[in-house]
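Data file: my_file-v4.txt. Format and content: compact mmCIF, C-alpha atoms.
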```
# COMPACT_ATOMS: atom_id res chain seq x y z
CA MET Q 149 179.35 -81.73 -45.69
CA ILE Q 150 180.18 -81.23 -42.02
CA GLU Q 151 177.59 -78.51 -41.44
CA LEU Q 152 174.76 -80.71 -42.63
CA ARG Q 153 175.81 -83.43 -40.20
CA LEU Q 154 175.98 -80.94 -37.33
CA LEU Q 155 172.53 -79.58 -38.19
CA LEU Q 156 171.11 -83.08 -38.44
CA GLU Q 157 172.59 -83.93 -35.04
CA SER Q 158 171.01 -80.84 -33.48
CA ALA Q 159 167.69 -81.67 -35.17
CA LEU Q 160 167.85 -84.97 -33.26
CA ILE Q 161 168.45 -83.02 -30.03
CA THR Q 162 165.36 -80.90 -30.79
CA CYS Q 163 163.35 -84.06 -31.46
CA PHE Q 164 164.61 -85.79 -28.32
CA VAL Q 165 163.95 -82.84 -26.02
CA SER Q 166 160.47 -82.30 -27.51
CA LEU Q 167 159.65 -85.99 -27.28
CA ALA Q 168 160.74 -86.10 -23.64
CA GLY Q 169 158.80 -82.89 -22.98
CA PHE Q 170 155.46 -84.08 -24.28
CA SER Q 171 155.85 -87.68 -23.06
CA LEU Q 172 156.02 -86.22 -19.55
CA GLY Q 173 153.71 -83.29 -20.17
CA ILE Q 174 150.66 -85.00 -21.63
CA PRO Q 175 150.13 -87.60 -18.85
CA LEU Q 176 150.94 -84.89 -16.29
CA GLY Q 177 148.26 -82.72 -17.91
CA LEU Q 178 145.77 -85.57 -17.54
CA LEU Q 179 146.68 -85.90 -13.88
CA VAL Q 180 146.20 -82.13 -13.39
CA ALA Q 181 142.83 -82.19 -15.19
CA VAL Q 182 141.51 -85.17 -13.23
CA THR Q 183 142.73 -83.76 -9.90
CA ARG Q 184 141.14 -80.39 -10.62
CA LEU Q 185 137.79 -82.07 -11.26
CA LYS Q 186 137.95 -83.85 -7.88
CA ARG Q 187 137.33 -80.45 -6.19
CA LEU Q 188 139.83 -81.01 -3.38
CA PRO Q 189 139.95 -77.82 -1.27
CA VAL Q 190 143.48 -76.36 -1.56
CA ILE Q 191 144.96 -78.48 -4.33
CA THR Q 192 142.32 -77.52 -6.89
CA SER Q 193 142.96 -73.79 -6.51
CA VAL Q 194 146.74 -74.31 -6.54
CA LEU Q 195 146.42 -76.20 -9.82
CA ALA Q 196 144.12 -73.53 -11.27
CA VAL Q 197 146.74 -70.89 -10.48
CA TYR Q 198 149.48 -73.09 -11.96
CA VAL Q 199 147.59 -73.54 -15.23
CA SER Q 200 146.68 -69.85 -15.53
CA PHE Q 201 150.23 -68.71 -14.66
CA ILE Q 202 152.04 -71.08 -17.00
CA ARG Q 203 149.70 -70.39 -19.88
CA SER Q 204 150.59 -66.71 -19.86
CA LEU Q 205 154.31 -67.20 -19.26
CA PRO Q 206 156.70 -67.01 -22.24
CA LEU Q 207 158.62 -70.30 -22.42
CA LEU Q 208 161.92 -68.44 -22.76
CA LEU Q 209 161.33 -66.68 -19.44
CA PHE Q 210 160.13 -69.89 -17.81
CA ILE Q 211 163.29 -71.74 -18.83
CA MET Q 212 165.52 -68.94 -17.55
CA LEU Q 213 163.55 -68.90 -14.30
CA PHE Q 214 164.10 -72.65 -14.01
CA TYR Q 215 167.77 -72.73 -14.89
CA PHE Q 216 169.10 -69.42 -13.56
CA GLY Q 217 166.49 -68.66 -10.91
CA LEU Q 218 166.06 -71.94 -9.04
CA PRO Q 219 169.72 -72.16 -7.88
CA THR Q 220 168.93 -69.07 -5.74
CA LEU Q 221 166.44 -71.29 -3.92
CA GLY Q 222 169.05 -74.03 -3.65
CA ILE Q 223 167.85 -76.18 -6.57
CA ASP Q 224 170.56 -76.76 -9.17
CA LEU Q 225 169.59 -78.54 -12.39
CA ASN Q 226 171.55 -79.76 -15.36
CA PRO Q 227 170.54 -77.84 -18.54
CA TYR Q 228 168.87 -80.84 -20.19
CA VAL Q 229 166.87 -81.66 -17.06
CA ALA Q 230 165.86 -78.01 -16.63
CA GLY Q 231 164.94 -77.67 -20.32
CA ILE Q 232 162.90 -80.88 -20.47
CA LEU Q 233 161.16 -80.17 -17.16
CA ALA Q 234 160.25 -76.65 -18.24
CA LEU Q 235 158.89 -77.92 -21.58
CA ALA Q 236 156.95 -80.68 -19.78
CA LEU Q 237 155.45 -78.35 -17.18
CA ASN Q 238 154.53 -75.88 -19.91
CA ASN Q 239 153.00 -78.59 -22.08
CA ALA Q 240 151.13 -80.09 -19.12
CA ALA Q 241 149.33 -76.80 -18.44
CA PHE Q 242 148.02 -76.65 -22.02
CA ALA Q 243 147.30 -80.37 -22.22
CA SER Q 244 145.33 -80.23 -18.97
CA GLU Q 245 142.93 -77.74 -20.56
CA ILE Q 246 142.44 -80.08 -23.53
CA TRP Q 247 141.80 -83.03 -21.21
CA ARG Q 248 139.48 -80.96 -19.03
CA GLY Q 249 137.41 -79.90 -22.04
CA ALA Q 250 137.20 -83.50 -23.25
CA ILE Q 251 136.13 -84.78 -19.81
CA ALA Q 252 133.55 -81.98 -19.46
CA ASN Q 253 132.06 -82.91 -22.85
CA PHE Q 254 131.96 -86.59 -22.01
CA ALA Q 255 128.46 -88.11 -21.97
CA LEU Q 256 127.25 -88.49 -18.38
CA ASP Q 257 124.88 -91.37 -19.19
CA GLN Q 258 127.84 -93.58 -20.09
CA ILE Q 259 129.26 -93.04 -16.61
CA GLU Q 260 125.85 -93.79 -15.11
CA ALA Q 261 125.59 -96.92 -17.25
CA ALA Q 262 129.02 -98.05 -16.03
CA LYS Q 263 127.91 -97.47 -12.44
CA ALA Q 264 124.76 -99.51 -13.12
CA TYR Q 265 126.99 -102.34 -14.32
CA GLY Q 266 128.75 -102.25 -10.97
CA MET Q 267 132.03 -100.69 -12.16
CA THR Q 268 134.02 -98.74 -9.59
CA GLU Q 269 134.98 -95.13 -10.29
CA GLN Q 270 138.52 -96.28 -11.14
CA GLN Q 271 137.35 -98.92 -13.59
CA THR Q 272 134.96 -96.47 -15.22
CA PHE Q 273 137.76 -93.97 -15.75
CA TRP Q 274 140.29 -96.42 -17.20
CA ARG Q 275 137.90 -98.51 -19.28
CA ILE Q 276 135.12 -96.12 -20.32
CA THR Q 277 136.17 -92.48 -20.03
CA LEU Q 278 139.87 -92.50 -20.89
CA PRO Q 279 139.72 -94.46 -24.18
CA GLN Q 280 137.01 -92.13 -25.47
CA ILE Q 281 138.45 -88.79 -24.33
CA TRP Q 282 141.82 -89.92 -25.68
CA ARG Q 283 140.25 -90.47 -29.08
CA ALA Q 284 138.55 -87.06 -28.99
CA SER Q 285 141.76 -85.34 -27.90
CA ILE Q 286 144.14 -86.66 -30.56
CA PRO Q 287 143.79 -83.66 -32.95
CA PRO Q 288 144.22 -80.90 -30.31
CA ILE Q 289 147.04 -82.86 -28.62
CA THR Q 290 148.80 -83.16 -31.99
CA SER Q 291 148.64 -79.43 -32.56
CA GLU Q 292 149.86 -78.88 -28.98
CA ILE Q 293 152.89 -81.08 -29.77
CA THR Q 294 153.71 -79.01 -32.87
CA LEU Q 295 153.49 -75.87 -30.70
CA LEU Q 296 155.91 -77.51 -28.26
CA VAL Q 297 158.42 -78.21 -31.04
CA LYS Q 298 158.12 -74.63 -32.25
CA ALA Q 299 158.64 -73.26 -28.74
CA SER Q 300 161.60 -75.59 -28.09
CA PRO Q 301 164.25 -73.14 -29.46
CA ALA Q 302 163.85 -71.45 -26.07
CA ILE Q 303 166.14 -74.13 -24.59
CA GLY Q 304 168.99 -72.64 -26.64
CA ILE Q 305 169.24 -69.83 -24.06
CA ILE Q 306 170.59 -72.26 -21.42
CA GLY Q 307 173.19 -73.60 -23.83
CA ILE Q 308 171.53 -76.68 -25.27
CA ASP Q 309 172.63 -76.97 -28.91
CA ASP Q 310 169.20 -77.45 -30.43
CA LEU Q 311 168.50 -76.91 -34.12
CA THR Q 312 167.94 -73.15 -33.90
CA ARG Q 313 170.97 -72.44 -31.71
CA ARG Q 314 173.24 -74.67 -33.80
CA ALA Q 315 172.03 -72.98 -37.01
CA SER Q 316 172.72 -69.53 -35.60
CA THR Q 317 176.21 -70.44 -34.31
CA LEU Q 318 177.09 -72.08 -37.64
CA ALA Q 319 175.76 -69.02 -39.47
CA ALA Q 320 177.97 -66.79 -37.35
CA SER Q 321 181.07 -68.92 -37.91
CA ASN Q 322 180.93 -69.67 -41.64
CA TYR Q 323 179.31 -66.44 -42.83
CA GLU Q 324 176.62 -68.33 -44.70
CA PRO Q 325 173.60 -67.34 -42.64
CA VAL Q 326 171.03 -67.83 -45.40
CA ARG Q 327 172.10 -71.38 -46.22
CA MET Q 328 172.40 -72.54 -42.58
CA LEU Q 329 169.14 -70.95 -41.47
CA THR Q 330 167.22 -72.17 -44.52
CA ILE Q 331 168.38 -75.76 -44.02
CA ALA Q 332 167.40 -75.59 -40.34
CA THR Q 333 164.00 -74.12 -41.25
CA LEU Q 334 163.45 -76.96 -43.71
CA PHE Q 335 164.24 -79.46 -40.95
CA TYR Q 336 161.59 -77.81 -38.76
CA VAL Q 337 159.03 -77.92 -41.57
CA ILE Q 338 159.78 -81.63 -42.05
CA ILE Q 339 159.50 -82.36 -38.30
CA ILE Q 340 156.20 -80.47 -37.99
CA LEU Q 341 154.72 -82.08 -41.12
CA ALA Q 342 155.76 -85.51 -39.84
CA ILE Q 343 154.02 -84.86 -36.51
CA THR Q 344 150.79 -83.70 -38.18
CA GLN Q 345 150.84 -86.75 -40.48
CA ILE Q 346 151.42 -89.15 -37.57
CA GLY Q 347 148.64 -87.39 -35.64
CA ARG Q 348 146.24 -87.83 -38.55
CA MET Q 349 147.23 -91.48 -38.93
CA VAL Q 350 146.68 -92.26 -35.24
CA ASP Q 351 143.38 -90.37 -35.36
CA ARG Q 352 142.12 -92.30 -38.39
CA ARG Q 353 143.24 -95.62 -36.96
CA SER Q 354 141.47 -94.99 -33.65
CA GLN Q 355 138.31 -93.88 -35.47
CA ARG Q 356 138.38 -97.06 -37.51
CA GLN Q 357 138.74 -99.18 -34.37
CA TYR Q 358 135.80 -97.36 -32.91
CA GLU Q 359 133.61 -98.13 -35.92
CA LEU Q 360 134.33 -101.85 -35.51
CA VAL Q 361 132.98 -102.01 -31.97
CA MET V 753 169.04 -68.29 0.33
CA ASN V 754 168.34 -64.63 0.63
CA LEU V 755 166.05 -62.94 -1.81
CA ARG V 756 166.65 -59.29 -2.60
CA PHE V 757 163.40 -57.92 -3.85
CA GLU V 758 164.48 -54.34 -3.05
CA VAL V 759 166.69 -54.53 -6.16
CA ILE V 760 163.55 -55.13 -8.22
CA TRP V 761 161.89 -52.16 -6.53
CA ASN V 762 164.85 -49.94 -7.47
CA GLN V 763 164.83 -51.22 -11.04
CA LEU V 764 161.08 -50.71 -11.46
CA PRO V 765 161.46 -48.06 -14.24
CA MET V 766 163.44 -50.61 -16.28
CA PHE V 767 160.68 -53.21 -15.95
CA ALA V 768 157.98 -50.62 -16.68
CA ASN V 769 159.82 -49.61 -19.84
CA GLY V 770 160.15 -53.26 -20.87
CA LEU V 771 156.47 -53.88 -20.24
CA TRP V 772 155.52 -50.81 -22.27
CA ASN V 773 157.71 -51.97 -25.19
CA THR V 774 156.20 -55.46 -25.05
CA VAL V 775 152.68 -53.98 -25.09
CA TRP V 776 153.15 -51.58 -27.99
CA ILE V 777 155.17 -54.01 -30.14
CA CYS V 778 152.50 -56.67 -29.67
CA VAL V 779 149.53 -54.35 -30.24
CA VAL V 780 151.08 -52.87 -33.40
CA GLY V 781 152.08 -56.37 -34.55
CA MET V 782 148.56 -57.65 -33.87
CA LEU V 783 146.84 -54.81 -35.76
CA LEU V 784 149.14 -55.10 -38.78
CA SER V 785 148.83 -58.87 -38.92
CA LEU V 786 145.06 -58.56 -38.61
CA MET V 787 145.05 -56.38 -41.73
CA ALA V 788 147.42 -58.74 -43.54
CA GLY V 789 145.32 -61.68 -42.36
CA ILE V 790 142.14 -60.15 -43.81
CA ILE V 791 143.93 -59.77 -47.14
CA LEU V 792 145.32 -63.31 -47.00
CA VAL V 793 141.97 -64.86 -46.11
CA LEU V 794 140.44 -63.63 -49.41
CA PRO V 795 142.36 -66.11 -51.59
CA LEU V 796 141.84 -68.78 -48.91
CA ILE V 797 138.05 -68.54 -49.16
CA SER V 798 138.09 -67.95 -52.90
CA ARG V 799 136.56 -70.63 -55.08
CA ARG V 800 139.41 -70.44 -57.58
CA ARG V 801 141.94 -73.20 -56.89
CA SER V 802 144.79 -71.22 -58.48
CA LEU V 803 144.36 -68.51 -55.83
CA GLN V 804 143.67 -70.89 -52.99
CA LEU V 805 146.73 -73.14 -53.39
CA PRO V 806 149.53 -70.57 -52.90
CA ALA V 807 147.67 -69.06 -49.93
CA GLU V 808 147.27 -72.50 -48.36
CA LEU V 809 150.96 -73.22 -48.90
CA PHE V 810 151.88 -69.93 -47.18
CA VAL V 811 149.62 -70.70 -44.22
CA ASP V 812 150.87 -74.29 -43.83
CA VAL V 813 154.57 -73.49 -44.13
CA GLY V 814 154.19 -70.30 -42.08
CA ARG V 815 152.75 -72.30 -39.23
CA ALA V 816 155.61 -74.81 -39.29
CA ILE V 817 158.47 -72.35 -38.63
CA PRO V 818 159.46 -71.52 -35.03
CA PHE V 819 159.25 -67.82 -34.22
CA LEU V 820 162.91 -67.59 -33.14
CA MET V 821 164.00 -69.20 -36.43
CA LEU V 822 162.02 -66.57 -38.33
CA VAL V 823 163.65 -63.83 -36.27
CA TYR V 824 167.11 -65.19 -37.14
CA LEU V 825 166.17 -65.49 -40.83
CA VAL V 826 165.08 -61.86 -40.95
CA PHE V 827 167.80 -60.44 -38.69
CA TYR V 828 170.83 -62.44 -39.92
CA GLY V 829 169.59 -63.73 -43.28
CA LEU V 830 168.15 -60.68 -45.01
CA PRO V 831 171.39 -58.62 -44.84
CA SER V 832 172.86 -61.14 -47.32
CA PHE V 833 170.31 -59.83 -49.79
CA GLY V 834 171.28 -56.25 -49.02
CA LEU V 835 168.31 -55.63 -46.74
CA VAL V 836 169.43 -54.54 -43.27
CA LEU V 837 166.62 -53.97 -40.76
CA ASP V 838 167.18 -52.54 -37.29
CA ARG V 839 165.94 -54.57 -34.30
CA TRP V 840 162.65 -52.68 -33.93
CA THR V 841 161.72 -53.14 -37.58
CA THR V 842 162.82 -56.77 -37.37
CA ALA V 843 160.58 -57.22 -34.33
CA ILE V 844 157.47 -55.84 -36.05
CA VAL V 845 158.19 -57.54 -39.41
CA CYS V 846 158.65 -60.92 -37.70
CA LEU V 847 155.53 -60.63 -35.54
CA VAL V 848 153.47 -59.72 -38.61
CA LEU V 849 154.98 -62.39 -40.89
CA TYR V 850 154.54 -65.04 -38.20
CA ASN V 851 151.01 -64.18 -37.12
CA THR V 852 149.45 -63.43 -40.48
CA ALA V 853 149.29 -67.15 -41.28
CA TYR V 854 147.63 -67.94 -37.92
CA ILE V 855 145.16 -65.07 -38.17
CA ALA V 856 144.22 -65.94 -41.75
CA GLU V 857 143.51 -69.49 -40.61
CA ILE V 858 141.41 -68.22 -37.64
CA LEU V 859 139.39 -65.98 -39.98
CA ARG V 860 138.98 -68.81 -42.50
CA SER V 861 137.49 -71.14 -39.91
CA ALA V 862 135.21 -68.32 -38.64
CA TRP V 863 134.11 -67.82 -42.25
CA ALA V 864 133.41 -71.54 -42.64
CA ASN V 865 131.02 -71.34 -39.66
CA ILE V 866 128.93 -68.33 -40.74
CA PRO V 867 125.38 -69.46 -41.58
CA ARG V 868 125.20 -69.65 -45.40
CA GLY V 869 121.73 -68.06 -45.26
CA GLN V 870 123.36 -64.74 -44.26
CA LEU V 871 125.44 -64.64 -47.41
CA GLU V 872 122.53 -65.74 -49.58
CA ALA V 873 120.27 -63.09 -48.05
CA GLY V 874 123.00 -60.51 -48.66
CA ARG V 875 123.21 -61.55 -52.30
CA ALA V 876 119.42 -61.44 -52.59
CA PHE V 877 119.55 -57.82 -51.37
CA GLY V 878 121.94 -57.01 -54.18
CA PHE V 879 125.25 -57.06 -52.33
CA THR V 880 128.07 -58.38 -54.47
CA GLY V 881 131.86 -58.67 -54.32
CA MET V 882 133.46 -56.05 -52.07
CA GLY V 883 130.10 -54.78 -50.81
CA LEU V 884 129.10 -58.22 -49.60
CA LEU V 885 132.50 -58.73 -48.00
CA ARG V 886 132.59 -55.36 -46.25
CA ARG V 887 128.97 -55.18 -45.07
CA ILE V 888 128.00 -58.82 -44.44
CA THR V 889 130.89 -61.29 -44.37
CA LEU V 890 133.68 -59.40 -42.64
CA PRO V 891 131.71 -57.96 -39.67
CA GLN V 892 130.36 -61.41 -38.88
CA ILE V 893 133.73 -63.10 -39.23
CA MET V 894 135.29 -60.53 -36.89
CA ILE V 895 132.59 -60.94 -34.24
CA ALA V 896 132.76 -64.73 -34.42
CA ALA V 897 136.56 -64.76 -34.30
CA ALA V 898 137.03 -62.10 -31.58
CA PRO V 899 137.72 -64.48 -28.65
CA VAL V 900 140.15 -66.58 -30.69
CA LEU V 901 141.89 -63.42 -31.86
CA GLY V 902 142.24 -62.43 -28.20
CA ASN V 903 143.96 -65.74 -27.52
CA GLN V 904 146.22 -65.08 -30.48
CA LEU V 905 147.21 -61.75 -28.89
CA ILE V 906 148.26 -63.68 -25.77
CA GLN V 907 150.28 -65.98 -28.03
CA ILE V 908 151.94 -62.95 -29.66
CA ILE V 909 152.89 -61.56 -26.25
CA LYS V 910 154.48 -64.87 -25.29
CA ASP V 911 156.34 -65.19 -28.59
CA SER V 912 157.60 -61.63 -28.33
CA ALA V 913 159.86 -62.76 -25.45
CA PHE V 914 162.14 -64.33 -28.08
CA LEU V 915 162.88 -60.80 -29.32
CA ALA V 916 165.05 -60.41 -26.21
CA ILE V 917 167.64 -62.55 -28.03
CA ILE V 918 168.14 -59.87 -30.70
CA THR V 919 168.25 -57.30 -27.85
CA VAL V 920 164.88 -55.65 -28.38
CA PRO V 921 164.44 -54.00 -24.96
CA GLU V 922 161.12 -55.66 -24.08
CA LEU V 923 160.09 -57.21 -20.77
CA THR V 924 162.17 -60.42 -20.91
CA HIS V 925 165.19 -58.41 -22.01
CA ALA V 926 164.66 -56.02 -19.09
CA ALA V 927 164.57 -58.98 -16.70
CA ARG V 928 167.77 -60.38 -18.20
CA THR V 929 169.51 -57.02 -17.95
CA VAL V 930 168.52 -56.52 -14.30
CA GLN V 931 169.66 -60.06 -13.48
CA ALA V 932 172.99 -59.52 -15.26
CA ASN V 933 173.67 -56.19 -13.56
CA HIS V 934 172.62 -57.11 -10.03
CA PHE V 935 172.72 -60.90 -10.03
CA VAL V 936 169.15 -61.44 -8.88
CA PRO V 937 168.04 -64.20 -11.29
CA PHE V 938 165.09 -65.58 -9.35
CA GLU V 939 163.70 -62.23 -8.25
CA SER V 940 163.90 -60.54 -11.65
CA PHE V 941 162.56 -63.48 -13.68
CA ILE V 942 159.67 -64.17 -11.31
CA PHE V 943 158.79 -60.47 -11.30
CA ALA V 944 158.73 -60.32 -15.12
CA ALA V 945 156.68 -63.54 -15.13
CA LEU V 946 154.11 -61.94 -12.82
CA MET V 947 153.93 -58.92 -15.14
CA TYR V 948 153.24 -61.19 -18.12
CA TRP V 949 150.61 -62.97 -16.07
CA GLY V 950 148.88 -59.71 -15.18
CA LEU V 951 148.93 -58.60 -18.80
CA CYS V 952 147.40 -61.87 -19.99
CA LEU V 953 144.74 -61.88 -17.24
CA LEU V 954 143.78 -58.39 -18.42
CA ILE V 955 143.38 -59.63 -22.00
CA GLU V 956 141.41 -62.67 -20.82
CA ALA V 957 139.05 -60.33 -18.92
CA GLY V 958 138.69 -58.35 -22.15
CA ILE V 959 137.83 -61.52 -24.08
CA LYS V 960 135.12 -62.34 -21.49
CA GLN V 961 133.67 -58.84 -21.93
CA VAL V 962 133.55 -59.28 -25.70
CA GLU V 963 131.85 -62.65 -25.29
CA GLN V 964 129.22 -61.10 -23.01
CA VAL V 965 128.54 -58.25 -25.41
CA ARG V 966 128.28 -60.79 -28.20
CA ALA V 967 125.78 -62.89 -26.23
CA VAL V 968 123.57 -59.81 -25.77
CA TYR V 969 123.93 -58.95 -29.45
CA ALA V 970 123.05 -62.51 -30.49
CA LYS V 971 119.62 -62.19 -28.83
CA TYR V 972 118.43 -59.68 -31.43
```
So, in terms of structure tokens, how does the structure I just supplied come out?
Amino acid sequence: MIELRLLLESALITCFVSLAGFSLGIPLGLLVAVTRLKRLPVITSVLAVYVSFIRSLPLLLFIMLFYFGLPTLGIDLNPYVAGILALALNNAAFASEIWRGAIANFALDQIEAAKAYGMTEQQTFWRITLPQIWRASIPPITSEITLLVKASPAIGIIGIDDLTRRASTLAASNYEPVRMLTIATLFYVIIILAITQIGRMVDRRSQRQYELV
Amino acid sequence: MNLRFEVIWNQLPMFANGLWNTVWICVVGMLLSLMAGIILVLPLISRRRSLQLPAELFVDVGRAIPFLMLVYLVFYGLPSFGLVLDRWTTAIVCLVLYNTAYIAEILRSAWANIPRGQLEAGRAFGFTGMGLLRRITLPQIMIAAAPVLGNQLIQIIKDSAFLAIITVPELTHAARTVQANHFVPFESFIFAALMYWGLCLLIEAGIKQVEQVRAVYAKY
């Protein structure tokens, strides 16, 4: 059945765009969180405004601002680049809050111990802090990724044929809205369940590694 | 590059109307889904597995469907079953269907964190069933969950932007209309974005207030 193949293809587009979005967004969020904690004069407040602004901005509006608005300022982006960048910047704002919370809750005596062992600040971050805050952040990061996938239909507005847009165009052309939309919904449920399962697996594995130490 | 913010100034009534529609749709949606969430949380916290399972299934599946997909299902799918809803009804129905699952889950986790002693003391004083729920359990769940429910309201406001696609004249739709009529994409989208920001900052301030009141209340 041709429709099923088309839907499957667009499901892959949804997966690809989401994957690219969070692969960029999560490290970017870490960078934002760490920079904000450094208390640099101007940069810290700029980042605080960025996080607050993005967190209250509907993704649909953000993507339109990126794709239709930026050309006014002389920046022209291809729809995929605009879509992925918008998803990544959106995801980074939320991820940065997760990272910030994890860093704030991190035991200070471990950092002091590392300093006592003669580790530099860099070494302490990469070897002591990051592995542990990463472990603590797996569950909230996983749920952030599922939110990203569920917000991704917003990229349909700039003409990317993601799962939702493809389902709605197919529904309009073959007059079988219920079947098309239900299949697409099932695909979403499968994608989201797969992400939560992978998240749980990674979480359990990292916990197990931790027990061994 | 020349920005024409005077167009935005002239179209202010349009934006104000959009903002108003966003606010009332979201507040009505929030209140209705809060009621539905309270009803849905009862089977979730019930000890009977046969009641718990279907409620859990609804919550898990409900939280795996994108909001826009749900809007399409209701707006384009339901007419096949002879049920035609106009865009306003679709908007409210979708917001409620979508958020009930989230709110039920928020209330369930608030319930899981109430000190058990409270419920036992309530039982010892002779409260049972509905009385216990109405007088002891529910007020405490609501107070504990208030900040998270505030965050959910912000989430609802952000999701409601998708309703622009089925031409509900809310804030994002207003911005799109102004940009289409006057070709001011950057100006109109950034202005709508600032309005959303203001709205959410207001709600965040409200959440802080509630937290402060709660801290005072917790002392007694």
* Name the residues in contact with V:Leu786 at a cut-off of 10 Å, using all atoms listed in the file, excluding same-chain residues fewer than 6 positions from it; report them as a ChimeraX atom specification. => /V:780,792,848,851-856,859,901
* Could you please select, counting all atoms listed in the file, the residues of chain Q within 10 Å of chain V and state them as a ChimeraX atom specification? => /Q:200-222,294-302,305,311-313,315-316,319-320,323-330,332-341
Export of prior selection with C-alpha atoms as an mmCIF file, in the frame of the given file:
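So part_29.cif came out as:
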```
data_model
loop_
_atom_site.group_PDB
_atom_site.id
_atom_site.type_symbol
_atom_site.label_atom_id
_atom_site.label_comp_id
_atom_site.auth_asym_id
_atom_site.auth_seq_id
_atom_site.Cartn_x
_atom_site.Cartn_y
_atom_site.Cartn_z
ATOM 1 C CA SER Q 200 146.680 -69.850 -15.530
ATOM 2 C CA PHE Q 201 150.230 -68.710 -14.660
ATOM 3 C CA ILE Q 202 152.040 -71.080 -17.000
ATOM 4 C CA ARG Q 203 149.700 -70.390 -19.880
ATOM 5 C CA SER Q 204 150.590 -66.710 -19.860
ATOM 6 C CA LEU Q 205 154.310 -67.200 -19.260
ATOM 7 C CA PRO Q 206 156.700 -67.010 -22.240
ATOM 8 C CA LEU Q 207 158.620 -70.300 -22.420
ATOM 9 C CA LEU Q 208 161.920 -68.440 -22.760
ATOM 10 C CA LEU Q 209 161.330 -66.680 -19.440
ATOM 11 C CA PHE Q 210 160.130 -69.890 -17.810
ATOM 12 C CA ILE Q 211 163.290 -71.740 -18.830
ATOM 13 C CA MET Q 212 165.520 -68.940 -17.550
ATOM 14 C CA LEU Q 213 163.550 -68.900 -14.300
ATOM 15 C CA PHE Q 214 164.100 -72.650 -14.010
ATOM 16 C CA TYR Q 215 167.770 -72.730 -14.890
ATOM 17 C CA PHE Q 216 169.100 -69.420 -13.560
ATOM 18 C CA GLY Q 217 166.490 -68.660 -10.910
ATOM 19 C CA LEU Q 218 166.060 -71.940 -9.040
ATOM 20 C CA PRO Q 219 169.720 -72.160 -7.880
ATOM 21 C CA THR Q 220 168.930 -69.070 -5.740
ATOM 22 C CA LEU Q 221 166.440 -71.290 -3.920
ATOM 23 C CA GLY Q 222 169.050 -74.030 -3.650
ATOM 24 C CA THR Q 294 153.710 -79.010 -32.870
ATOM 25 C CA LEU Q 295 153.490 -75.870 -30.700
ATOM 26 C CA LEU Q 296 155.910 -77.510 -28.260
ATOM 27 C CA VAL Q 297 158.420 -78.210 -31.040
ATOM 28 C CA LYS Q 298 158.120 -74.630 -32.250
ATOM 29 C CA ALA Q 299 158.640 -73.260 -28.740
ATOM 30 C CA SER Q 300 161.600 -75.590 -28.090
ATOM 31 C CA PRO Q 301 164.250 -73.140 -29.460
ATOM 32 C CA ALA Q 302 163.850 -71.450 -26.070
ATOM 33 C CA ILE Q 305 169.240 -69.830 -24.060
ATOM 34 C CA LEU Q 311 168.500 -76.910 -34.120
ATOM 35 C CA THR Q 312 167.940 -73.150 -33.900
ATOM 36 C CA ARG Q 313 170.970 -72.440 -31.710
ATOM 37 C CA ALA Q 315 172.030 -72.980 -37.010
ATOM 38 C CA SER Q 316 172.720 -69.530 -35.600
ATOM 39 C CA ALA Q 319 175.760 -69.020 -39.470
ATOM 40 C CA ALA Q 320 177.970 -66.790 -37.350
ATOM 41 C CA TYR Q 323 179.310 -66.440 -42.830
ATOM 42 C CA GLU Q 324 176.620 -68.330 -44.700
ATOM 43 C CA PRO Q 325 173.600 -67.340 -42.640
ATOM 44 C CA VAL Q 326 171.030 -67.830 -45.400
ATOM 45 C CA ARG Q 327 172.100 -71.380 -46.220
ATOM 46 C CA MET Q 328 172.400 -72.540 -42.580
ATOM 47 C CA LEU Q 329 169.140 -70.950 -41.470
ATOM 48 C CA THR Q 330 167.220 -72.170 -44.520
ATOM 49 C CA ALA Q 332 167.400 -75.590 -40.340
ATOM 50 C CA THR Q 333 164.000 -74.120 -41.250
ATOM 51 C CA LEU Q 334 163.450 -76.960 -43.710
ATOM 52 C CA PHE Q 335 164.240 -79.460 -40.950
ATOM 53 C CA TYR Q 336 161.590 -77.810 -38.760
ATOM 54 C CA VAL Q 337 159.030 -77.920 -41.570
ATOM 55 C CA ILE Q 338 159.780 -81.630 -42.050
ATOM 56 C CA ILE Q 339 159.500 -82.360 -38.300
ATOM 57 C CA ILE Q 340 156.200 -80.470 -37.990
ATOM 58 C CA LEU Q 341 154.720 -82.080 -41.120
#
```
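Distance-wise, atom CA of V:Gly770 and atom CA of V:Pro921 end up 6.0 Å apart.
Between atom CA of Q:Phe254 and atom CA of Q:Ile191 the interatomic distance comes to 23.4 Å.
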* **10 Å contact set for Q:Ile289, only C-alpha atoms, chain neighbours under 2 positions out, as a count of residues only** => 18
* Name all residues at most 9 Å from V:Glu808 (count all atoms listed in the file; drop same-chain ones fewer than 5 positions away) and give them as number ranges by chain. => V: 795-796, 803, 813
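Picture a line from atom CA of V:Ile888 to atom CA of V:Leu847; it runs 29.0 Å.
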* Which residues come within 6 Å of stretch 959-965 of chain V, counting only C-alpha atoms, excluding same-chain residues fewer than 3 positions away, as number ranges by chain? -> V: 899, 956, 968
Restricting it to C-alpha atoms, dump the selection as a JSON list (two decimals), in the coordinates of the input.
```json
[["chain", "number", "residue", "atom", "x", "y", "z"],
["V", 899, "PRO", "CA", 137.72, -64.48, -28.65],
["V", 956, "GLU", "CA", 141.41, -62.67, -20.82],
["V", 968, "VAL", "CA", 123.57, -59.81, -25.77]]
```
